[in-house]
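Structure file run-v7.cif (mmCIF, C-alpha atoms) follows.
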data_query
loop_
_atom_site.group_PDB
_atom_site.id
_atom_site.type_symbol
_atom_site.label_atom_id
_atom_site.label_comp_id
_atom_site.auth_asym_id
_atom_site.auth_seq_id
_atom_site.Cartn_x
_atom_site.Cartn_y
_atom_site.Cartn_z
ATOM 1 C CA LEU A 1 -10.031 -47.254 33.637
ATOM 2 C CA ARG A 2 -12.339 -48.729 31.063
ATOM 3 C CA ASN A 3 -15.910 -47.526 31.724
ATOM 4 C CA SER A 4 -14.633 -45.354 34.594
ATOM 5 C CA PHE A 5 -16.332 -42.273 33.115
ATOM 6 C CA THR A 6 -19.535 -43.536 34.711
ATOM 7 C CA ILE A 7 -18.214 -43.495 38.280
ATOM 8 C CA GLY A 8 -19.892 -40.800 40.350
ATOM 9 C CA GLN A 9 -22.332 -39.819 37.612
ATOM 10 C CA GLN A 10 -25.748 -38.841 38.915
ATOM 11 C CA VAL A 11 -28.675 -40.705 37.409
ATOM 12 C CA LYS A 12 -32.439 -40.764 37.629
ATOM 13 C CA ILE A 13 -34.275 -44.057 38.105
ATOM 14 C CA MET A 14 -37.605 -44.003 36.298
ATOM 15 C CA ALA A 15 -39.481 -46.076 38.881
ATOM 16 C CA ARG A 16 -43.196 -46.790 38.653
ATOM 17 C CA GLY A 17 -43.673 -44.876 41.895
ATOM 18 C CA GLY A 18 -41.907 -41.813 40.511
ATOM 19 C CA PRO A 19 -38.321 -40.811 39.644
ATOM 20 C CA LEU A 20 -35.621 -41.643 42.192
ATOM 21 C CA PRO A 21 -32.138 -40.093 42.378
ATOM 22 C CA GLY A 22 -29.085 -42.308 42.299
ATOM 23 C CA VAL A 23 -25.370 -42.301 41.646
ATOM 24 C CA ILE A 24 -23.240 -44.821 39.775
ATOM 25 C CA ALA A 25 -20.831 -46.408 42.224
ATOM 26 C CA THR A 26 -18.103 -49.029 42.293
ATOM 27 C CA THR A 27 -15.703 -50.451 44.832
ATOM 28 C CA THR A 28 -13.526 -47.758 46.378
ATOM 29 C CA GLY A 29 -9.969 -47.628 45.143
ATOM 30 C CA HIS A 30 -8.673 -48.385 48.631
ATOM 31 C CA VAL A 31 -10.018 -51.942 48.535
ATOM 32 C CA ALA A 32 -10.374 -52.500 44.798
ATOM 33 C CA SER A 33 -7.147 -54.493 44.689
ATOM 34 C CA LEU A 34 -8.672 -56.911 47.203
ATOM 35 C CA THR A 35 -12.000 -57.382 45.417
ATOM 36 C CA LEU A 36 -11.162 -56.823 41.743
ATOM 37 C CA PRO A 37 -8.309 -58.732 40.072
ATOM 38 C CA GLU A 38 -7.559 -55.994 37.518
ATOM 39 C CA PRO A 39 -9.034 -52.536 38.294
ATOM 40 C CA GLY A 40 -8.098 -51.475 34.772
ATOM 41 C CA GLU A 41 -10.494 -54.072 33.362
ATOM 42 C CA LEU A 42 -13.719 -53.137 35.133
ATOM 43 C CA THR A 43 -16.858 -54.560 33.569
ATOM 44 C CA TRP A 44 -20.484 -53.536 33.950
ATOM 45 C CA ASN A 45 -20.827 -56.180 36.669
ATOM 46 C CA ASP A 46 -18.508 -54.063 38.835
ATOM 47 C CA PHE A 47 -20.893 -51.070 38.834
ATOM 48 C CA TRP A 48 -24.205 -50.417 40.514
ATOM 49 C CA VAL A 49 -26.615 -47.560 41.102
ATOM 50 C CA ASP A 50 -26.563 -46.469 44.743
ATOM 51 C CA THR A 51 -29.812 -44.922 45.951
ATOM 52 C CA GLY A 52 -29.325 -45.135 49.704
ATOM 53 C CA LEU A 53 -32.457 -47.286 49.841
ATOM 54 C CA SER A 54 -32.838 -50.917 50.820
ATOM 55 C CA ARG A 55 -33.987 -53.645 48.444
ATOM 56 C CA ALA A 56 -37.411 -53.660 50.112
ATOM 57 C CA GLU A 57 -37.726 -49.882 49.777
ATOM 58 C CA LEU A 58 -36.789 -50.023 46.106
ATOM 59 C CA LEU A 59 -39.323 -52.770 45.417
ATOM 60 C CA GLU A 60 -41.964 -50.763 47.243
ATOM 61 C CA ARG A 61 -41.264 -47.820 44.933
ATOM 62 C CA GLY A 62 -41.561 -49.996 41.852
ATOM 63 C CA VAL A 63 -37.890 -50.561 41.011
ATOM 64 C CA THR A 64 -37.404 -53.940 39.318
ATOM 65 C CA PRO A 65 -35.010 -55.427 36.774
ATOM 66 C CA GLY A 66 -35.681 -53.559 33.553
ATOM 67 C CA THR A 67 -36.458 -50.241 35.234
ATOM 68 C CA ARG A 68 -34.987 -47.471 33.091
ATOM 69 C CA VAL A 69 -32.065 -45.418 34.387
ATOM 70 C CA ILE A 70 -31.147 -42.156 32.656
ATOM 71 C CA TRP A 71 -28.453 -39.535 33.172
ATOM 72 C CA ASP A 72 -29.566 -36.800 35.538
ATOM 73 C CA ALA A 73 -27.902 -33.966 33.653
ATOM 74 C CA GLU A 74 -29.223 -30.422 33.669
ATOM 75 C CA THR A 75 -29.248 -28.332 30.527
ATOM 76 C CA GLN A 76 -26.935 -25.372 31.095
ATOM 77 C CA GLN A 77 -25.484 -22.435 29.215
ATOM 78 C CA PHE A 78 -21.687 -22.308 28.944
ATOM 79 C CA GLY A 79 -20.786 -18.924 27.479
ATOM 80 C CA ARG A 80 -22.598 -18.756 24.138
ATOM 81 C CA ASN A 81 -23.112 -22.515 24.025
ATOM 82 C CA VAL A 82 -25.736 -24.802 25.549
ATOM 83 C CA VAL A 83 -24.748 -28.165 27.027
ATOM 84 C CA GLY A 84 -26.902 -31.041 28.193
ATOM 85 C CA LYS A 85 -27.863 -34.612 27.430
ATOM 86 C CA ALA A 86 -29.542 -35.654 24.187
ATOM 87 C CA LEU A 87 -29.076 -32.230 22.609
ATOM 88 C CA ASP A 88 -28.524 -33.890 19.235
ATOM 89 C CA ASP A 89 -32.251 -34.553 19.221
ATOM 90 C CA ARG A 90 -33.529 -31.651 21.289
ATOM 91 C CA VAL A 91 -31.783 -28.913 19.309
ATOM 92 C CA LEU A 92 -33.382 -30.134 16.100
ATOM 93 C CA LEU A 93 -36.801 -30.315 17.727
ATOM 94 C CA ALA A 94 -36.292 -26.702 18.778
ATOM 95 C CA VAL A 95 -35.471 -25.776 15.170
ATOM 96 C CA ILE A 96 -38.612 -27.512 13.902
ATOM 97 C CA THR A 97 -40.709 -25.776 16.550
ATOM 98 C CA GLU A 98 -39.256 -22.423 15.502
ATOM 99 C CA VAL A 99 -40.069 -23.151 11.850
ATOM 100 C CA LEU A 100 -43.701 -23.712 12.795
ATOM 101 C CA ARG A 101 -43.713 -20.478 14.772
ATOM 102 C CA ARG A 102 -42.077 -18.334 12.098
ATOM 103 C CA VAL A 103 -43.908 -19.755 9.096
ATOM 104 C CA PRO A 104 -47.629 -19.858 9.898
ATOM 105 C CA VAL A 105 -49.982 -21.829 7.675
ATOM 106 C CA ALA A 106 -51.244 -18.695 5.911
ATOM 107 C CA ALA A 107 -47.704 -17.767 4.855
ATOM 108 C CA ARG A 108 -46.768 -21.128 3.344
ATOM 109 C CA THR A 109 -46.629 -21.536 -0.421
ATOM 110 C CA CYS A 110 -46.302 -25.317 -0.284
ATOM 111 C CA ASP A 111 -47.440 -28.305 1.731
ATOM 112 C CA LEU A 112 -45.053 -28.651 4.664
ATOM 113 C CA THR A 113 -44.641 -31.940 6.513
ATOM 114 C CA LEU A 114 -42.409 -32.032 9.579
ATOM 115 C CA VAL A 115 -41.284 -35.443 10.787
ATOM 116 C CA CYS A 116 -39.309 -36.649 13.789
ATOM 117 C CA SER A 117 -37.825 -40.026 12.831
ATOM 118 C CA VAL A 118 -35.534 -42.511 14.549
ATOM 119 C CA GLN A 119 -32.639 -44.877 13.872
ATOM 120 C CA GLU A 120 -30.906 -42.804 11.235
ATOM 121 C CA GLU A 121 -27.616 -44.452 12.228
ATOM 122 C CA ILE A 122 -28.725 -47.895 11.062
ATOM 123 C CA GLY A 123 -30.100 -47.402 7.598
ATOM 124 C CA LEU A 124 -32.451 -44.433 7.958
ATOM 125 C CA ILE A 125 -35.198 -46.771 9.154
ATOM 126 C CA GLY A 126 -37.620 -44.081 10.288
ATOM 127 C CA ALA A 127 -37.158 -41.749 7.330
ATOM 128 C CA SER A 128 -37.192 -44.611 4.815
ATOM 129 C CA ALA A 129 -40.544 -45.840 6.086
ATOM 130 C CA LEU A 130 -42.011 -42.371 5.656
ATOM 131 C CA GLY A 131 -40.588 -41.847 2.198
ATOM 132 C CA SER A 132 -42.010 -45.121 0.918
ATOM 133 C CA GLN A 133 -45.545 -44.097 1.890
ATOM 134 C CA THR A 134 -45.767 -40.422 0.967
ATOM 135 C CA GLY A 135 -44.659 -38.531 -2.125
ATOM 136 C CA PHE A 136 -42.535 -35.405 -1.678
ATOM 137 C CA ASP A 137 -41.086 -32.892 -4.084
ATOM 138 C CA ALA A 138 -38.129 -32.326 -1.768
ATOM 139 C CA ALA A 139 -36.857 -33.476 1.600
ATOM 140 C CA VAL A 140 -34.492 -31.558 3.866
ATOM 141 C CA VAL A 141 -32.921 -33.538 6.683
ATOM 142 C CA LEU A 142 -31.916 -31.796 9.901
ATOM 143 C CA GLU A 143 -29.141 -33.499 11.844
ATOM 144 C CA ILE A 144 -26.342 -32.557 14.165
ATOM 145 C CA GLY A 145 -22.872 -32.222 12.716
ATOM 146 C CA LEU A 146 -19.317 -32.463 13.915
ATOM 147 C CA ALA A 147 -17.158 -29.641 15.250
ATOM 148 C CA GLY A 148 -13.393 -29.540 15.058
ATOM 149 C CA ASP A 149 -12.653 -26.478 17.196
ATOM 150 C CA ILE A 150 -11.553 -28.573 20.155
ATOM 151 C CA PRO A 151 -8.106 -29.472 21.506
ATOM 152 C CA GLY A 152 -6.308 -32.208 19.595
ATOM 153 C CA VAL A 153 -8.222 -31.846 16.314
ATOM 154 C CA GLN A 154 -6.478 -30.349 13.297
ATOM 155 C CA GLU A 155 -8.433 -27.892 11.149
ATOM 156 C CA ARG A 156 -7.523 -29.801 7.976
ATOM 157 C CA ASP A 157 -9.180 -32.917 9.425
ATOM 158 C CA MET A 158 -12.357 -31.218 10.674
ATOM 159 C CA PRO A 159 -12.688 -27.552 9.625
ATOM 160 C CA LEU A 160 -16.233 -27.086 10.974
ATOM 161 C CA ARG A 161 -16.627 -24.649 13.861
ATOM 162 C CA LEU A 162 -19.268 -23.953 16.473
ATOM 163 C CA GLY A 163 -20.974 -20.624 15.845
ATOM 164 C CA ALA A 164 -19.850 -20.400 12.218
ATOM 165 C CA GLY A 165 -23.280 -21.205 10.827
ATOM 166 C CA PRO A 166 -25.250 -24.307 9.866
ATOM 167 C CA VAL A 167 -23.520 -26.990 7.811
ATOM 168 C CA LEU A 168 -24.605 -27.811 4.281
ATOM 169 C CA VAL A 169 -23.643 -31.445 3.692
ATOM 170 C CA HIS A 170 -23.035 -32.477 0.079
ATOM 171 C CA LYS A 171 -22.331 -36.189 0.527
ATOM 172 C CA ASP A 172 -22.148 -38.931 3.128
ATOM 173 C CA ALA A 173 -20.780 -42.482 3.085
ATOM 174 C CA LEU A 174 -23.754 -43.784 1.102
ATOM 175 C CA VAL A 175 -25.005 -41.134 -1.287
ATOM 176 C CA HIS A 176 -24.432 -37.776 -2.971
ATOM 177 C CA TYR A 177 -27.225 -35.372 -2.040
ATOM 178 C CA ASP A 178 -29.349 -33.646 -4.659
ATOM 179 C CA HIS A 179 -27.160 -30.966 -6.231
ATOM 180 C CA ALA A 180 -30.008 -28.675 -7.315
ATOM 181 C CA LEU A 181 -31.632 -28.708 -3.875
ATOM 182 C CA THR A 182 -28.289 -28.132 -2.173
ATOM 183 C CA ALA A 183 -27.555 -25.177 -4.457
ATOM 184 C CA ARG A 184 -30.993 -23.723 -3.765
ATOM 185 C CA LEU A 185 -30.452 -23.979 -0.014
ATOM 186 C CA GLU A 186 -27.149 -22.160 -0.465
ATOM 187 C CA ARG A 187 -28.849 -19.353 -2.411
ATOM 188 C CA VAL A 188 -31.568 -18.997 0.217
ATOM 189 C CA ALA A 189 -28.917 -18.755 2.933
ATOM 190 C CA ALA A 190 -27.065 -16.068 0.978
ATOM 191 C CA GLN A 191 -30.252 -14.048 0.472
ATOM 192 C CA ALA A 192 -31.019 -14.234 4.196
ATOM 193 C CA GLU A 193 -27.374 -13.422 5.056
ATOM 194 C CA ILE A 194 -27.004 -16.685 6.969
ATOM 195 C CA PRO A 195 -23.385 -17.879 7.087
ATOM 196 C CA ILE A 196 -23.035 -21.536 6.186
ATOM 197 C CA GLN A 197 -20.317 -24.161 6.268
ATOM 198 C CA HIS A 198 -19.788 -26.941 3.737
ATOM 199 C CA ALA A 199 -18.980 -30.553 4.546
ATOM 200 C CA ILE A 200 -18.600 -34.032 3.145
ATOM 201 C CA PHE A 201 -19.098 -36.901 5.590
ATOM 202 C CA GLY A 202 -18.252 -40.502 4.988
#
I need this file expressed as structure tokens, please.
Amino acid sequence: LRNSFTIGQQVKIMARGGPLPGVIATTTGHVASLTLPEPGELTWNDFWVDTGLSRAELLERGVTPGTRVIWDAETQQFGRNVVGKALDDRVLLAVITEVLRRVPVAARTCDLTLVCSVQEEIGLIGASALGSQTGFDAAVVLEIGLAGDIPGVQERDMPLRLGAGPVLVHKDALVHYDHALTARLERVAAQAEIPIQHAIFG
């Protein structure tokens, strides 16, 4: 079913009176044929968040149109891996935090600026705004990558693997990255005995 991945998912309603638990629900399959013309073509109008509370109770707790609803997913460890929502941002924040911890101000031989930017998918809006205002000798972008060690993906199409080291990207769909800086990062990784993977995205 289109959009059916949402059915039964637990969510958290960010009400003004405090977070409320909920679950995404739809018409039960037993009566769906009576209420929905084509169950295979469910739209967002066929879903709702069930809280077990009445309309009056929800209004009393500050739930109105526009109230944010987020996935209520716990961060967990699966074997050697960590799973959870929004890890593409949180993992990188953890890396930045660790950089600050491991490289104190007294040990730095350069000016270090750490930035958390947004909207990289639509033209690097956040990073572009920063770059136009401040001069840098070099910029290293931290971003999540892709992994091909999953069922249905051929190694020739996506050779990157979880646990095989960070990925050094040489090019994306828009630009070739600075060759000298990329080579220097590779040398630093070799000196620190950090395994790396190479990739071209685009």
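Comparing A:Leu20, A:Cys116, A:Ala138, A:Arg80 by their smallest distance to A:His179, the closest is A:Ala138 (using all atoms listed in the file).
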With distances taken over all atoms listed in the file, which of A:Ala199, A:Cys110, A:Ala86, A:Val153 is nearest to A:His170?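 Of the candidates, the smallest distance to A:His170 is held by A:Ala199.
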Hits from the PyMOL selection byres ((chain A and resi 14) around 8), listed as number ranges by chain: A: 12-13, 15-16, 18-20, 67-70
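Pairwise distance (atom CA of A:Pro195, atom CA of A:Pro166) equals 7.2 Å.
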Non-local contacts of A:Thr182 (8 Å; all atoms listed in the file; under 4 positions in same chain excluded) as a PyMOL selection string: chain A and resi 168+170+177-178+186
Once the PyMOL selection byres ((chain A and resi 117) around 7) is applied to the coordinates I shared, what remains selected? I want it as a PyMOL selection string. chain A and resi 115-116+118+126-127
Separating atom CA of A:Ala25 from atom CA of A:Arg90, to the nearest tenth of an Å, is a gap of 28.6 Å
